[in-house]
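Below is model.txt, holding compact mmCIF, C-alpha atoms.
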# COMPACT_ATOMS: atom_id res chain seq x y z
CA MET A 1 -31.20 15.71 -37.13
CA THR A 2 -30.62 12.48 -35.21
CA ARG A 3 -32.53 9.55 -36.69
CA LEU A 4 -33.55 6.92 -34.13
CA VAL A 5 -35.23 3.69 -35.23
CA ALA A 6 -36.97 1.49 -32.65
CA ILE A 7 -37.59 -2.03 -33.98
CA GLY A 8 -40.02 -4.07 -31.90
CA ILE A 9 -41.70 -1.03 -30.36
CA GLY A 10 -44.82 -3.18 -29.88
CA SER A 11 -43.09 -4.95 -26.98
CA HIS A 12 -45.24 -2.98 -24.57
CA ILE A 13 -43.03 -2.60 -21.53
CA PHE A 14 -39.89 -2.01 -23.61
CA GLY A 15 -41.80 0.45 -25.80
CA ILE A 16 -43.28 2.47 -22.95
CA GLU A 17 -39.93 2.76 -21.18
CA LEU A 18 -38.10 3.77 -24.34
CA LEU A 19 -40.65 6.39 -25.40
CA ARG A 20 -40.91 8.09 -22.03
CA ASP A 21 -37.10 8.41 -21.92
CA VAL A 22 -36.83 9.69 -25.50
CA PHE A 23 -39.02 12.62 -24.51
CA GLN A 24 -36.85 13.33 -21.46
CA THR A 25 -33.49 13.27 -23.26
CA PRO A 26 -32.50 16.82 -24.30
CA GLU A 27 -30.14 15.60 -27.02
CA LEU A 28 -33.13 14.03 -28.80
CA LYS A 29 -35.07 17.29 -29.12
CA GLY A 30 -35.84 17.75 -32.79
CA ALA A 31 -34.92 14.14 -33.59
CA GLU A 32 -36.55 11.92 -36.18
CA LEU A 33 -38.14 8.90 -34.52
CA TRP A 34 -39.18 5.84 -36.51
CA LEU A 35 -41.30 3.20 -34.78
CA VAL A 36 -41.30 -0.28 -36.34
CA ASP A 37 -43.35 -3.37 -35.53
CA VAL A 38 -45.07 -6.12 -37.49
CA ASP A 39 -48.23 -5.93 -35.34
CA THR A 40 -50.21 -3.12 -36.97
CA GLU A 41 -52.69 -2.61 -34.13
CA THR A 42 -50.02 -2.37 -31.45
CA LEU A 43 -47.86 -0.18 -33.69
CA GLU A 44 -50.75 2.24 -34.16
CA GLN A 45 -51.29 2.48 -30.40
CA MET A 46 -47.59 2.97 -29.62
CA THR A 47 -47.46 5.66 -32.29
CA GLY A 48 -50.44 7.34 -30.67
CA LEU A 49 -48.65 7.28 -27.32
CA ALA A 50 -45.51 8.75 -28.92
CA ARG A 51 -47.50 11.60 -30.46
CA ARG A 52 -49.13 12.43 -27.14
CA LEU A 53 -45.74 12.39 -25.38
CA GLU A 54 -44.35 14.66 -28.08
CA ALA A 55 -47.20 17.12 -27.62
CA ALA A 56 -46.84 17.08 -23.83
CA SER A 57 -43.06 17.47 -23.89
CA GLY A 58 -42.70 20.00 -26.70
CA TRP A 59 -39.66 18.03 -27.86
CA ASP A 60 -40.40 18.74 -31.56
CA VAL A 61 -39.72 15.12 -32.52
CA ALA A 62 -40.79 14.02 -36.00
CA ILE A 63 -42.62 10.72 -35.52
CA HIS A 64 -43.03 8.07 -38.21
CA SER A 65 -44.25 4.49 -38.01
CA THR A 66 -44.10 1.53 -40.36
CA THR A 67 -44.28 -2.24 -40.46
CA GLU A 68 -41.43 -2.24 -43.01
CA ARG A 69 -38.06 -1.62 -41.40
CA GLU A 70 -36.48 -1.04 -44.81
CA LEU A 71 -38.37 2.27 -44.92
CA ALA A 72 -37.10 3.34 -41.52
CA LEU A 73 -33.45 2.32 -41.62
CA PRO A 74 -31.86 4.49 -44.36
CA GLY A 75 -29.77 7.18 -42.69
CA ALA A 76 -30.36 5.89 -39.17
CA ASP A 77 -27.91 7.03 -36.52
CA PHE A 78 -29.16 4.73 -33.75
CA ILE A 79 -31.24 1.55 -33.86
CA VAL A 80 -32.79 0.01 -30.75
CA THR A 81 -34.09 -3.55 -31.09
CA SER A 82 -36.27 -5.73 -28.89
CA VAL A 83 -37.80 -8.53 -30.94
CA ALA A 84 -38.93 -12.10 -30.39
CA VAL A 85 -40.71 -14.97 -32.11
CA ASP A 86 -44.08 -15.48 -30.36
CA ARG A 87 -42.17 -14.99 -27.11
CA ASP A 88 -44.21 -16.40 -24.24
CA THR A 89 -45.89 -19.23 -26.14
CA THR A 90 -42.63 -20.61 -27.52
CA TRP A 91 -40.81 -20.05 -24.21
CA GLN A 92 -43.39 -22.01 -22.24
CA LEU A 93 -43.33 -24.79 -24.82
CA ASP A 94 -39.53 -25.00 -24.57
CA HIS A 95 -39.78 -25.34 -20.81
CA GLU A 96 -42.45 -28.04 -21.04
CA LEU A 97 -40.38 -29.99 -23.56
CA ALA A 98 -37.23 -29.75 -21.45
CA LEU A 99 -39.08 -31.18 -18.44
CA ARG A 100 -40.81 -33.82 -20.57
CA HIS A 101 -37.41 -35.13 -21.69
CA GLY A 102 -36.15 -35.30 -18.13
CA PHE A 103 -33.96 -32.19 -17.92
CA GLY A 104 -33.85 -30.16 -14.69
CA SER A 105 -34.47 -26.87 -16.46
CA VAL A 106 -35.33 -23.97 -14.16
CA ASP A 107 -36.19 -21.22 -16.68
CA SER A 108 -35.56 -22.33 -20.31
CA GLU A 109 -34.86 -18.91 -21.82
CA ASN A 110 -31.13 -18.19 -22.11
CA GLY A 111 -29.32 -21.37 -21.07
CA GLY A 112 -29.91 -25.09 -20.87
CA PRO A 113 -31.96 -26.96 -23.47
CA GLY A 114 -34.58 -24.20 -23.69
CA GLY A 115 -31.82 -21.67 -24.28
CA LEU A 116 -30.71 -23.63 -27.34
CA SER A 117 -34.24 -23.65 -28.75
CA HIS A 118 -34.56 -19.91 -28.13
CA THR A 119 -31.21 -19.33 -29.84
CA LEU A 120 -32.27 -21.23 -32.96
CA ARG A 121 -35.30 -18.93 -33.32
CA SER A 122 -33.76 -15.60 -32.29
CA ILE A 123 -30.48 -15.62 -34.22
CA PRO A 124 -32.03 -15.79 -37.73
CA LEU A 125 -34.57 -13.12 -36.75
CA MET A 126 -31.90 -10.72 -35.50
CA MET A 127 -29.42 -11.44 -38.28
CA ALA A 128 -32.06 -10.57 -40.89
CA ILE A 129 -32.35 -7.16 -39.20
CA VAL A 130 -28.56 -6.87 -39.03
CA ARG A 131 -28.24 -7.55 -42.78
CA ASP A 132 -30.66 -4.69 -43.47
CA VAL A 133 -28.67 -2.42 -41.14
CA GLU A 134 -25.44 -3.28 -42.98
CA ARG A 135 -27.09 -2.42 -46.28
CA LEU A 136 -29.16 0.63 -45.36
CA ALA A 137 -27.52 2.19 -42.27
CA PRO A 138 -23.89 1.03 -42.17
CA GLY A 139 -22.81 3.89 -39.91
CA ALA A 140 -25.49 3.34 -37.28
CA THR A 141 -24.98 2.15 -33.71
CA MET A 142 -27.32 -0.68 -32.69
CA LEU A 143 -28.44 -1.02 -29.08
CA GLN A 144 -30.04 -4.44 -28.75
CA TYR A 145 -32.14 -6.09 -26.04
CA THR A 146 -33.12 -9.30 -27.84
CA ASN A 147 -32.66 -12.53 -25.85
CA PRO A 148 -30.74 -14.72 -25.57
CA GLU A 149 -28.62 -11.58 -25.59
CA ASN A 150 -25.12 -12.96 -25.24
CA ARG A 151 -25.69 -15.38 -28.11
CA VAL A 152 -27.22 -12.66 -30.29
CA ALA A 153 -24.23 -10.42 -29.52
CA LEU A 154 -21.84 -13.21 -30.47
CA ALA A 155 -23.62 -13.78 -33.79
CA ILE A 156 -23.53 -10.07 -34.63
CA ARG A 157 -19.84 -9.84 -33.76
CA ARG A 158 -18.76 -12.88 -35.73
CA HIS A 159 -21.00 -12.52 -38.75
CA SER A 160 -21.48 -8.81 -39.43
CA ARG A 161 -19.82 -5.41 -39.52
CA VAL A 162 -22.57 -3.70 -37.48
CA ARG A 163 -21.49 -1.67 -34.46
CA SER A 164 -23.64 -3.14 -31.68
CA VAL A 165 -23.91 -2.94 -27.90
CA GLY A 166 -26.07 -5.36 -25.92
CA LEU A 167 -28.08 -3.90 -23.05
CA CYS A 168 -29.68 -5.84 -20.18
CA HIS A 169 -31.12 -4.32 -17.03
CA GLY A 170 -30.24 -7.29 -14.80
CA VAL A 171 -26.90 -5.98 -13.51
CA ALA A 172 -28.28 -2.44 -13.16
CA TYR A 173 -31.21 -3.59 -11.03
CA THR A 174 -28.90 -5.77 -8.92
CA ARG A 175 -26.60 -2.80 -8.35
CA ALA A 176 -29.59 -0.79 -7.10
CA TRP A 177 -30.52 -3.69 -4.80
CA MET A 178 -26.95 -3.82 -3.48
CA ALA A 179 -27.02 -0.10 -2.71
CA GLU A 180 -30.23 -0.55 -0.74
CA LEU A 181 -28.72 -3.51 1.10
CA LEU A 182 -25.70 -1.38 2.05
CA ASP A 183 -27.87 1.65 2.86
CA ARG A 184 -25.93 3.84 0.42
CA PRO A 185 -26.96 5.94 -2.58
CA MET A 186 -26.79 3.90 -5.77
CA ASP A 187 -24.40 6.34 -7.44
CA ALA A 188 -22.03 5.98 -4.48
CA LEU A 189 -21.27 2.37 -5.50
CA ASP A 190 -18.67 1.35 -8.07
CA VAL A 191 -19.55 -2.27 -8.79
CA HIS A 192 -17.57 -4.55 -11.11
CA VAL A 193 -19.69 -7.39 -12.43
CA ALA A 194 -18.52 -9.64 -15.28
CA GLY A 195 -19.24 -12.87 -17.13
CA VAL A 196 -21.72 -13.59 -19.90
CA ASN A 197 -25.21 -12.14 -19.91
CA HIS A 198 -27.45 -13.54 -17.14
CA PHE A 199 -24.41 -15.44 -15.81
CA THR A 200 -22.46 -12.53 -14.34
CA TRP A 201 -20.53 -12.38 -11.09
CA VAL A 202 -19.63 -9.65 -8.58
CA LEU A 203 -15.87 -9.14 -8.61
CA ALA A 204 -15.53 -5.87 -6.68
CA VAL A 205 -17.59 -3.27 -4.82
CA HIS A 206 -16.05 0.10 -3.93
CA ASP A 207 -17.16 3.48 -2.70
CA ALA A 208 -17.16 5.57 -5.88
CA ALA A 209 -15.76 8.64 -4.13
CA THR A 210 -13.19 7.23 -1.68
CA GLY A 211 -12.29 3.87 -3.21
CA GLU A 212 -13.12 2.07 0.04
CA ASP A 213 -13.52 -1.68 -0.43
CA LEU A 214 -17.18 -2.43 0.29
CA LEU A 215 -17.15 -6.10 -0.75
CA PRO A 216 -16.75 -7.35 2.85
CA ALA A 217 -19.69 -5.20 3.97
CA PHE A 218 -21.81 -6.48 1.08
CA GLU A 219 -20.98 -10.11 1.85
CA ALA A 220 -21.78 -9.58 5.54
CA ALA A 221 -25.12 -8.00 4.62
CA LEU A 222 -25.83 -10.90 2.26
CA ARG A 223 -25.21 -13.43 5.03
CA SER A 224 -27.56 -11.57 7.36
CA LEU A 225 -30.55 -11.82 5.01
CA PRO A 226 -33.31 -14.28 5.90
CA GLU A 227 -33.34 -17.58 4.01
CA ASP A 228 -36.40 -16.60 1.96
CA ALA A 229 -35.02 -13.19 0.90
CA MET A 230 -35.87 -12.08 -2.64
CA LEU A 231 -33.88 -10.18 -5.25
CA THR A 232 -37.00 -9.09 -7.16
CA GLU A 233 -40.71 -9.61 -6.66
CA VAL A 234 -40.51 -12.87 -8.63
CA ASP A 235 -36.96 -14.15 -8.14
CA GLY A 236 -35.17 -15.38 -5.03
CA LEU A 237 -31.60 -15.71 -3.79
CA ARG A 238 -31.33 -19.23 -2.42
CA LEU A 239 -29.25 -20.62 -5.30
CA SER A 240 -27.26 -17.40 -5.71
CA ARG A 241 -26.26 -17.39 -2.05
CA MET A 242 -25.27 -21.05 -2.21
CA LEU A 243 -23.07 -20.38 -5.26
CA HIS A 244 -21.50 -17.42 -3.49
CA GLN A 245 -20.70 -19.62 -0.51
CA ARG A 246 -19.13 -22.33 -2.69
CA PHE A 247 -17.32 -20.21 -5.29
CA GLY A 248 -16.56 -17.00 -3.36
CA SER A 249 -18.31 -14.72 -5.85
CA PHE A 250 -21.94 -13.62 -5.90
CA PRO A 251 -23.86 -14.23 -9.16
CA THR A 252 -26.19 -11.43 -10.15
CA THR A 253 -29.65 -11.33 -11.82
CA GLY A 254 -31.40 -13.82 -9.53
CA ASP A 255 -31.82 -17.57 -9.16
CA LEU A 256 -33.93 -18.23 -12.26
CA HIS A 257 -31.46 -16.68 -14.69
CA VAL A 258 -28.32 -17.99 -12.98
CA GLY A 259 -29.86 -21.42 -12.56
CA GLU A 260 -30.19 -21.88 -16.32
CA PHE A 261 -26.44 -22.47 -16.50
CA ILE A 262 -26.12 -24.76 -13.45
CA GLY A 263 -26.73 -28.49 -13.82
CA TYR A 264 -27.87 -28.95 -10.20
CA ALA A 265 -29.96 -25.78 -9.93
CA ALA A 266 -33.24 -27.72 -9.96
CA GLU A 267 -32.17 -29.49 -6.75
CA VAL A 268 -32.10 -26.10 -5.05
CA ILE A 269 -34.94 -24.08 -6.61
CA GLY A 270 -37.13 -26.55 -8.51
CA THR A 271 -38.41 -26.42 -12.08
CA ALA A 272 -41.52 -24.22 -11.90
CA GLY A 273 -40.00 -21.87 -14.49
CA TRP A 274 -40.70 -18.24 -15.17
CA PRO A 275 -43.90 -16.84 -13.56
CA TRP A 276 -45.75 -16.51 -16.86
CA ASP A 277 -49.10 -15.67 -15.26
CA TRP A 278 -47.48 -12.72 -13.49
CA ALA A 279 -45.73 -11.66 -16.71
CA THR A 280 -48.95 -11.94 -18.72
CA ALA A 281 -50.89 -9.84 -16.20
CA ARG A 282 -48.12 -7.22 -16.21
CA ARG A 283 -48.13 -7.08 -20.00
CA GLU A 284 -51.91 -6.82 -20.15
CA ARG A 285 -51.83 -3.87 -17.76
CA ALA A 286 -49.28 -2.19 -20.02
CA ARG A 287 -51.38 -2.97 -23.10
CA THR A 288 -54.47 -1.44 -21.49
CA ASN A 289 -52.55 1.68 -20.47
CA VAL A 290 -51.10 2.17 -23.96
CA ALA A 291 -54.58 2.00 -25.46
CA LEU A 292 -55.87 4.59 -22.98
CA TRP A 293 -52.89 6.91 -23.47
CA ALA A 294 -53.11 6.66 -27.26
CA ALA A 295 -56.85 7.41 -27.22
CA GLY A 296 -56.39 10.44 -24.98
CA LYS A 297 -58.36 8.82 -22.17
CA LYS A 298 -55.45 8.84 -19.73
CA PRO A 299 -52.95 11.67 -19.18
CA VAL A 300 -49.36 11.07 -20.31
CA GLU A 301 -47.83 13.82 -18.18
CA PRO A 302 -47.07 11.40 -15.30
CA LEU A 303 -44.85 9.44 -17.70
CA LEU A 304 -42.75 12.56 -18.16
CA ALA A 305 -42.69 13.50 -14.48
CA GLN A 306 -39.89 11.04 -13.73
CA PRO A 307 -37.50 8.85 -15.73
CA SER A 308 -38.28 5.23 -16.49
CA LYS A 309 -37.19 2.50 -14.10
CA GLU A 310 -34.24 1.73 -16.38
CA ALA A 311 -33.19 5.38 -16.44
CA ARG A 312 -33.34 5.55 -12.65
CA VAL A 313 -30.74 2.78 -12.44
CA ASN A 314 -28.59 4.45 -15.13
CA HIS A 315 -29.47 1.99 -17.86
CA SER A 316 -31.77 3.78 -20.31
CA SER A 317 -30.95 3.35 -24.00
CA ALA A 318 -32.36 6.82 -24.79
CA HIS A 319 -30.16 8.46 -22.16
CA MET A 320 -27.22 6.43 -23.42
CA ILE A 321 -27.83 7.86 -26.89
CA GLY A 322 -27.85 11.31 -25.30
CA ASP A 323 -24.50 10.62 -23.67
CA LEU A 324 -23.03 9.39 -26.95
CA LEU A 325 -24.29 12.46 -28.82
CA ALA A 326 -23.01 14.84 -26.14
CA ARG A 327 -19.69 12.96 -25.95
CA ARG A 328 -19.95 12.77 -22.19
CA THR A 329 -17.83 10.39 -20.12
CA VAL A 330 -20.24 8.20 -18.19
CA ARG A 331 -19.95 4.88 -16.35
CA ARG A 332 -22.74 2.36 -16.93
CA PRO A 333 -23.54 -0.77 -14.89
CA SER A 334 -22.85 -3.10 -17.81
CA PHE A 335 -22.55 -3.54 -21.57
CA ILE A 336 -22.52 -6.74 -23.62
CA LEU A 337 -19.54 -6.39 -25.92
CA PRO A 338 -16.76 -8.37 -27.62
CA ASN A 339 -14.08 -9.34 -25.12
CA GLU A 340 -11.34 -6.94 -26.14
CA GLY A 341 -9.13 -7.53 -23.11
CA TYR A 342 -11.90 -6.92 -20.59
CA ILE A 343 -11.79 -10.37 -18.92
CA ASP A 344 -8.37 -11.99 -18.77
CA ASN A 345 -9.23 -15.67 -18.52
CA VAL A 346 -11.89 -16.06 -21.19
CA GLU A 347 -11.02 -16.12 -24.86
CA PRO A 348 -10.84 -12.85 -26.80
CA ASP A 349 -13.43 -11.60 -29.26
CA ILE A 350 -16.38 -13.54 -27.86
CA ALA A 351 -19.31 -11.69 -26.26
CA VAL A 352 -19.07 -10.86 -22.55
CA GLU A 353 -20.91 -8.62 -20.10
CA VAL A 354 -18.66 -6.18 -18.24
CA PRO A 355 -18.92 -2.72 -16.66
CA GLY A 356 -19.68 -0.11 -19.31
CA LEU A 357 -17.99 3.17 -20.16
CA ILE A 358 -19.11 5.87 -22.60
CA THR A 359 -16.32 8.19 -23.67
CA ASP A 360 -15.50 10.20 -26.79
CA GLY A 361 -18.81 9.24 -28.35
CA ARG A 362 -18.14 5.49 -28.09
CA ALA A 363 -19.31 2.67 -25.86
CA ARG A 364 -16.57 0.54 -24.35
CA GLY A 365 -16.07 -1.96 -21.56
CA VAL A 366 -14.00 -1.65 -18.40
CA PRO A 367 -11.22 -4.24 -17.84
CA VAL A 368 -11.91 -6.36 -14.76
CA GLY A 369 -8.96 -8.80 -14.76
CA PRO A 370 -9.60 -12.53 -14.29
CA LEU A 371 -12.70 -14.27 -13.07
CA PRO A 372 -12.21 -16.59 -10.06
CA GLU A 373 -10.97 -19.95 -11.34
CA GLY A 374 -14.12 -21.95 -10.61
CA VAL A 375 -16.34 -19.22 -12.05
CA ALA A 376 -14.15 -18.97 -15.16
CA ALA A 377 -14.53 -22.73 -15.72
CA MET A 378 -18.32 -22.43 -15.73
CA VAL A 379 -18.35 -19.29 -17.88
CA ASN A 380 -15.93 -20.76 -20.42
CA ASN A 381 -18.07 -23.87 -20.76
CA GLU A 382 -21.09 -21.66 -21.43
CA ILE A 383 -19.08 -19.78 -24.06
CA ALA A 384 -18.28 -23.08 -25.80
CA ILE A 385 -22.01 -23.92 -25.82
CA GLN A 386 -22.85 -20.49 -27.22
CA LYS A 387 -20.38 -20.77 -30.09
CA LEU A 388 -21.89 -24.09 -31.17
CA ALA A 389 -25.47 -22.86 -30.74
CA VAL A 390 -24.89 -19.71 -32.78
CA GLU A 391 -23.30 -21.61 -35.67
CA ALA A 392 -26.12 -24.16 -35.55
CA ALA A 393 -28.71 -21.39 -35.76
CA LEU A 394 -26.98 -19.77 -38.73
CA THR A 395 -26.27 -22.94 -40.70
CA GLY A 396 -29.18 -25.21 -39.78
CA SER A 397 -26.71 -27.82 -38.57
CA ARG A 398 -28.37 -30.51 -36.44
CA GLU A 399 -24.93 -31.87 -35.59
CA LEU A 400 -23.78 -28.59 -34.03
CA ALA A 401 -27.10 -28.15 -32.24
CA LEU A 402 -26.75 -31.60 -30.71
CA GLN A 403 -23.17 -30.88 -29.67
CA ALA A 404 -24.35 -27.71 -27.91
CA LEU A 405 -26.81 -29.83 -25.94
CA LEU A 406 -24.32 -32.57 -25.12
CA ILE A 407 -21.84 -30.21 -23.43
CA ASP A 408 -24.58 -28.39 -21.49
CA PRO A 409 -24.46 -29.10 -17.72
CA VAL A 410 -28.26 -29.42 -17.60
CA VAL A 411 -28.19 -32.29 -20.13
CA HIS A 412 -27.41 -35.79 -18.78
CA SER A 413 -28.50 -38.17 -21.54
CA LEU A 414 -27.59 -38.63 -25.20
CA GLU A 415 -30.92 -40.27 -25.96
CA ALA A 416 -32.87 -37.50 -24.25
CA ALA A 417 -30.80 -34.82 -26.00
CA GLU A 418 -31.49 -36.34 -29.42
CA ALA A 419 -35.20 -36.66 -28.69
CA PHE A 420 -35.43 -33.10 -27.35
CA LEU A 421 -33.67 -31.69 -30.41
CA GLU A 422 -36.02 -33.51 -32.77
CA ASP A 423 -38.97 -32.29 -30.71
CA ILE A 424 -38.03 -28.60 -30.78
CA LEU A 425 -37.17 -28.68 -34.48
CA THR A 426 -40.55 -30.22 -35.23
CA GLN A 427 -42.59 -28.06 -32.85
CA HIS A 428 -40.97 -24.81 -34.05
CA ARG A 429 -40.56 -25.90 -37.68
CA ARG A 430 -42.19 -22.80 -39.17
CA TYR A 431 -39.59 -20.61 -37.41
CA LEU A 432 -36.59 -22.78 -38.34
CA PRO A 433 -36.47 -23.07 -42.15
CA ALA A 434 -32.69 -23.55 -42.17
CA PHE A 435 -33.12 -26.92 -40.48
CA TRP A 436 -35.73 -28.12 -42.96
CA SER A 437 -34.47 -26.86 -46.31
Let's see the structure in the file written out as C-alpha cells.
Amino acid sequence: MTRLVAIGIGSHIFGIELLRDVFQTPELKGAELWLVDVDTETLEQMTGLARRLEAASGWDVAIHSTTERELALPGADFIVTSVAVDRDTTWQLDHELALRHGFGSVDSENGGPGGLSHTLRSIPLMMAIVRDVERLAPGATMLQYTNPENRVALAIRRHSRVRSVGLCHGVAYTRAWMAELLDRPMDALDVHVAGVNHFTWVLAVHDAATGEDLLPAFEAALRSLPEDAMLTEVDGLRLSRMLHQRFGSFPTTGDLHVGEFIGYAAEVIGTAGWPWDWATARRERARTNVALWAAGKKPVEPLLAQPSKEARVNHSSAHMIGDLLARRTVRRPSFILPNEGYIDNVEPDIAVEVPGLITDGRARGVPVGPLPEGVAAMVNNEIAIQKLAVEAALTGSRELALQALLIDPVVHSLEAAEAFLEDILTQHRRYLPAFWS
C-alpha cells in the first residue's frame, strides 16, 4: 500500500488540484492518504472533499487527517508539501517595506529584499518538516512546492539527507503558452528551459517528433505580439521581451517573477506588486467551493471529469507519483534539483531548475549545456545571494542576511539595506526566533 502524506493540504488551490489528481491516478488506487494542516477547520473541509472524491471515484483510498505530521509520516512513501507562514499578509508587508526603504521591488516573493525576508521565514518552517521526514520516513521521496522554492531546495540539499524534488508550474504553463503561440499541440514541443526557479530561460525549442529547430519560429511569433500582450491573466511580457532582445534568451514565468531578480525591472513594469485582490478573490472562491463539496451541497463528479490544470500541462505531483511507481520513462517540463552536471556554467551541487526526466523509478534532470554568458552572470549572482540567504535563515546570522542584501541587484544603499533588515526582523520577530535568541 502506497502511503502519501500531503502537508499543507489547507492551501485551497494546491489542495483541490492535488486531491482531484490523486483520484485520477490509477497507481494510487488502494493507497493510504494522510492529509495534514494546522488549520483544523480547513483540514476538516479538505478531508470531507477527499472522502467525497473517494466515494465518487471508487478508488478505495484510505483517508486519514491530522494536525500532527508526526502521526502521518511514519512509513510514508511520498510526501507533498505546500506550506507558508501567514502567506499573503507577510508577503504584502515585505513589499510595502521594500518600497518604504526605497527599493524598486516588483513582486517581493522570491528575489530582491522581499525574497530575503520570505527566505528567513520559509527555510526554518520547511527544515523542521525535513527533520521529521529524516527521522520518521527516511526512505520517502518529497515533492515540494514551498516558496521561495529554489532557496528551500538548496537548504534541503545542503543540510539534510532527504530525497527531494522541487515542483513549480511556471515553466509548464509557459510551455503550454508557447505551444499555443506556435499553433502546435503542447506534447509536440520539446522545450529546454534552465536557470534557477522563477529565473529560468529558454535555451532550445524543438519538434518532439522530428527534431526540427522551432526556436526561430518562436522568436518570430514573440516579436509579432502586440506590446500589451500577456503571459497569464495577471502577468505581462514587456520586461521579458526586453530581456530577450538584450540577452538573446527568453525568460519564462512572466514579468513579475523575472523582475524580482533584475535591478532595473521597476523602470519597465513599475512596483505595483502581486495582484493580491485578485489572488484573495480566487482563494475565497476555492474556499467556498471546498465547503460546498465537503457538505455534499455541490457535486464532485466534475472534478473527476478532467485532470487538474497542472495535470493538463504534464506537471501534476500525483501523476508524477504514478509514473515513479509504474517506473515509466516520462519527460517533464521542469524539476528543481541539485546541479549534477545539468548546467555547465553554474557551480555544481546547488539547486537549479532544468527539464525533468522520470526513469527507472527516479526523478532526474536533463543536461542543457551552458547558459548564455550574460544570463549565466545574472543566474550565478542570484545563486550567490541564495547561498548567503539560506545560511542566514538557518543560523540567525544578521551579518549573512545583510550580505545577501548588499549583493542583490535591487539594493542600492547600505543604509537602506541595514534599515530594511532591522525592519523585517522586528516586524516578523515571532517567526524568526533564531535572530532573537
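Going from atom CA of Arg285 of chain A to atom CA of Val38 of chain A covers 21.0 Å.
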Quick one: of A:Val133, A:Leu116, A:Leu304, A:Ala176, who's nearest to Leu71 of chain A, counting only C-alpha atoms? A:Val133
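The closest residue to Pro348 of chain A, picked from A:Ala204, A:Pro302, A:Thr426, A:Arg158 and counting only C-alpha atoms, is A:Arg158.
Residues in contact with Tyr173 of chain A at up to 7 Å, not including ones fewer than 4 positions away on its chain and judged by all atoms listed in the file, are His169, Trp177 and Val313 of chain A.
Closest approach to His192 of chain A from the set A:Ala6, A:Ala50, A:Val346, A:Val354 is made by A:Val354, with distances taken over all atoms listed in the file.
By all atoms listed in the file, and with residues fewer than 4 positions from Thr40 of chain A along its chain excluded, the set lying at most 9 Å from it is Gly10, Glu44, Gln45, Thr66 and Thr67 of chain A.
For the choices A:Asp21, A:Trp59, A:Val83, A:Asn150, the atom-to-atom distance to Ile9 of chain A is smallest for A:Val83 when using all atoms listed in the file.
The shortest atom-to-atom distance to Val202 of chain A, with all atoms listed in the file taken into account, belongs to A:Met178 out of A:Val36, A:Leu53, A:Met178, A:Ile336.
Using all atoms listed in the file, the nearest neighbour of Phe335 of chain A within the list A:Met126, A:Val191, A:Leu181, A:Val165 is A:Val165.
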Please give the centre and size of the box around segment 209-215 of chain A (axis-aligned, containing every atom listed in the file, 6 Å added per side), with values in Å to one decimal and written as AutoDock Vina command-line options.
--center_x -14.7 --center_y 1.3 --center_z -1.9 --size_x 16.9 --size_y 26.7 --size_z 16.4
Point-to-point distance from atom CA of Phe247 of chain A to atom CA of Met230 of chain A, Å rounded to tenths: 20.4 Å
